[in-house]
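Notes follow once the structure below has been shown.
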Amino acid sequence: MKDDLIPIGEIARRTGLAVSAIRYYEQRGLIVAERTSGNQRRFRRADIRRLSFIMIAQRLGLGLTEIEAELALLPKGRAPTVLDWQPVTRSLRRAIDLKIGLLNRARGKLDDCIGCGCLSLQKCQMVNRGDMAGAAGPGPRFVLG
């Protein structure tokens, strides 16, 4: 419906995104503009939700490829319903839960290990006796798993 369409400046104002960012997301296919007879972009009001989801997901550390995959689950050509959004929000909830787990482990290890002050694998017999973690492979094994 035409009353549901808003110009790019209005969607920028409502989301806080720059017009150039909105054009970029349109170019990536994350949102779709309709064109007026004067070739001006018009977006559905529901695109405010899509753009808000993009902003939140990016702030949580998801990449655009992951965000594109989530938004691809939504219907094209109409405003998504609550039921349409449920698989997307469940997936985002899982990503948030994983990130919370990682942050909690990292916070604990900062206090336990890095925060102890010795900073020496040779001295630290409490957590990494004989540098066994090094034998298990590279990277921060106690935090990232």
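Going by the structure tokens order, chains are called A, B, ..., each with residues numbered from 1, while ligands are numbered from 1 in the order shown.
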
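Residues of range 31-122 of chain A carrying a DSSP assignment of strand (DSSP E), computed from the backbone, are Glu34, Arg35, Arg41, Arg42, Phe43 and Arg44 of chain A.
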
Practice task
Just the residues within 6 Å of range 29-45 of chain A, please, counting only C-alpha atoms, with nothing from its chain fewer than 2 positions along; format it as an NGL selection string.
Solution key: :A and (4-7 or 25-27 or 47-48)

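Coordinates place CA of Pro80 in chain A at a distance of 16.4 Å from CA of Leu92 in chain A.
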
Correct to one decimal, the distance CA of Thr89 in chain A-CA of Arg59 in chain A is 15.1 Å

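Compared by their closest atoms to Leu74 in chain A, and using only C-alpha atoms, the residues A:Glu10, A:Ile96, A:Ala46, A:Ala57 rank with A:Ala46 nearest.
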
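Using only C-alpha atoms, the protein and nucleic acid residues lying no more than 12 Å from Glu66 in chain A, apart from those fewer than 3 places from it along its own chain, are Leu30, Phe53, Ile54, Ala57, Gln58, Leu60, Gly61, Leu62, Gly63, Ala69, Glu70, Leu71, Ala72, Leu73, Val88, Ser91, Leu92 and Ala95 of chain A.
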
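Pairwise distance (CA of Pro138 in chain A, CA of Ile100 in chain A) equals 22.9 Å.
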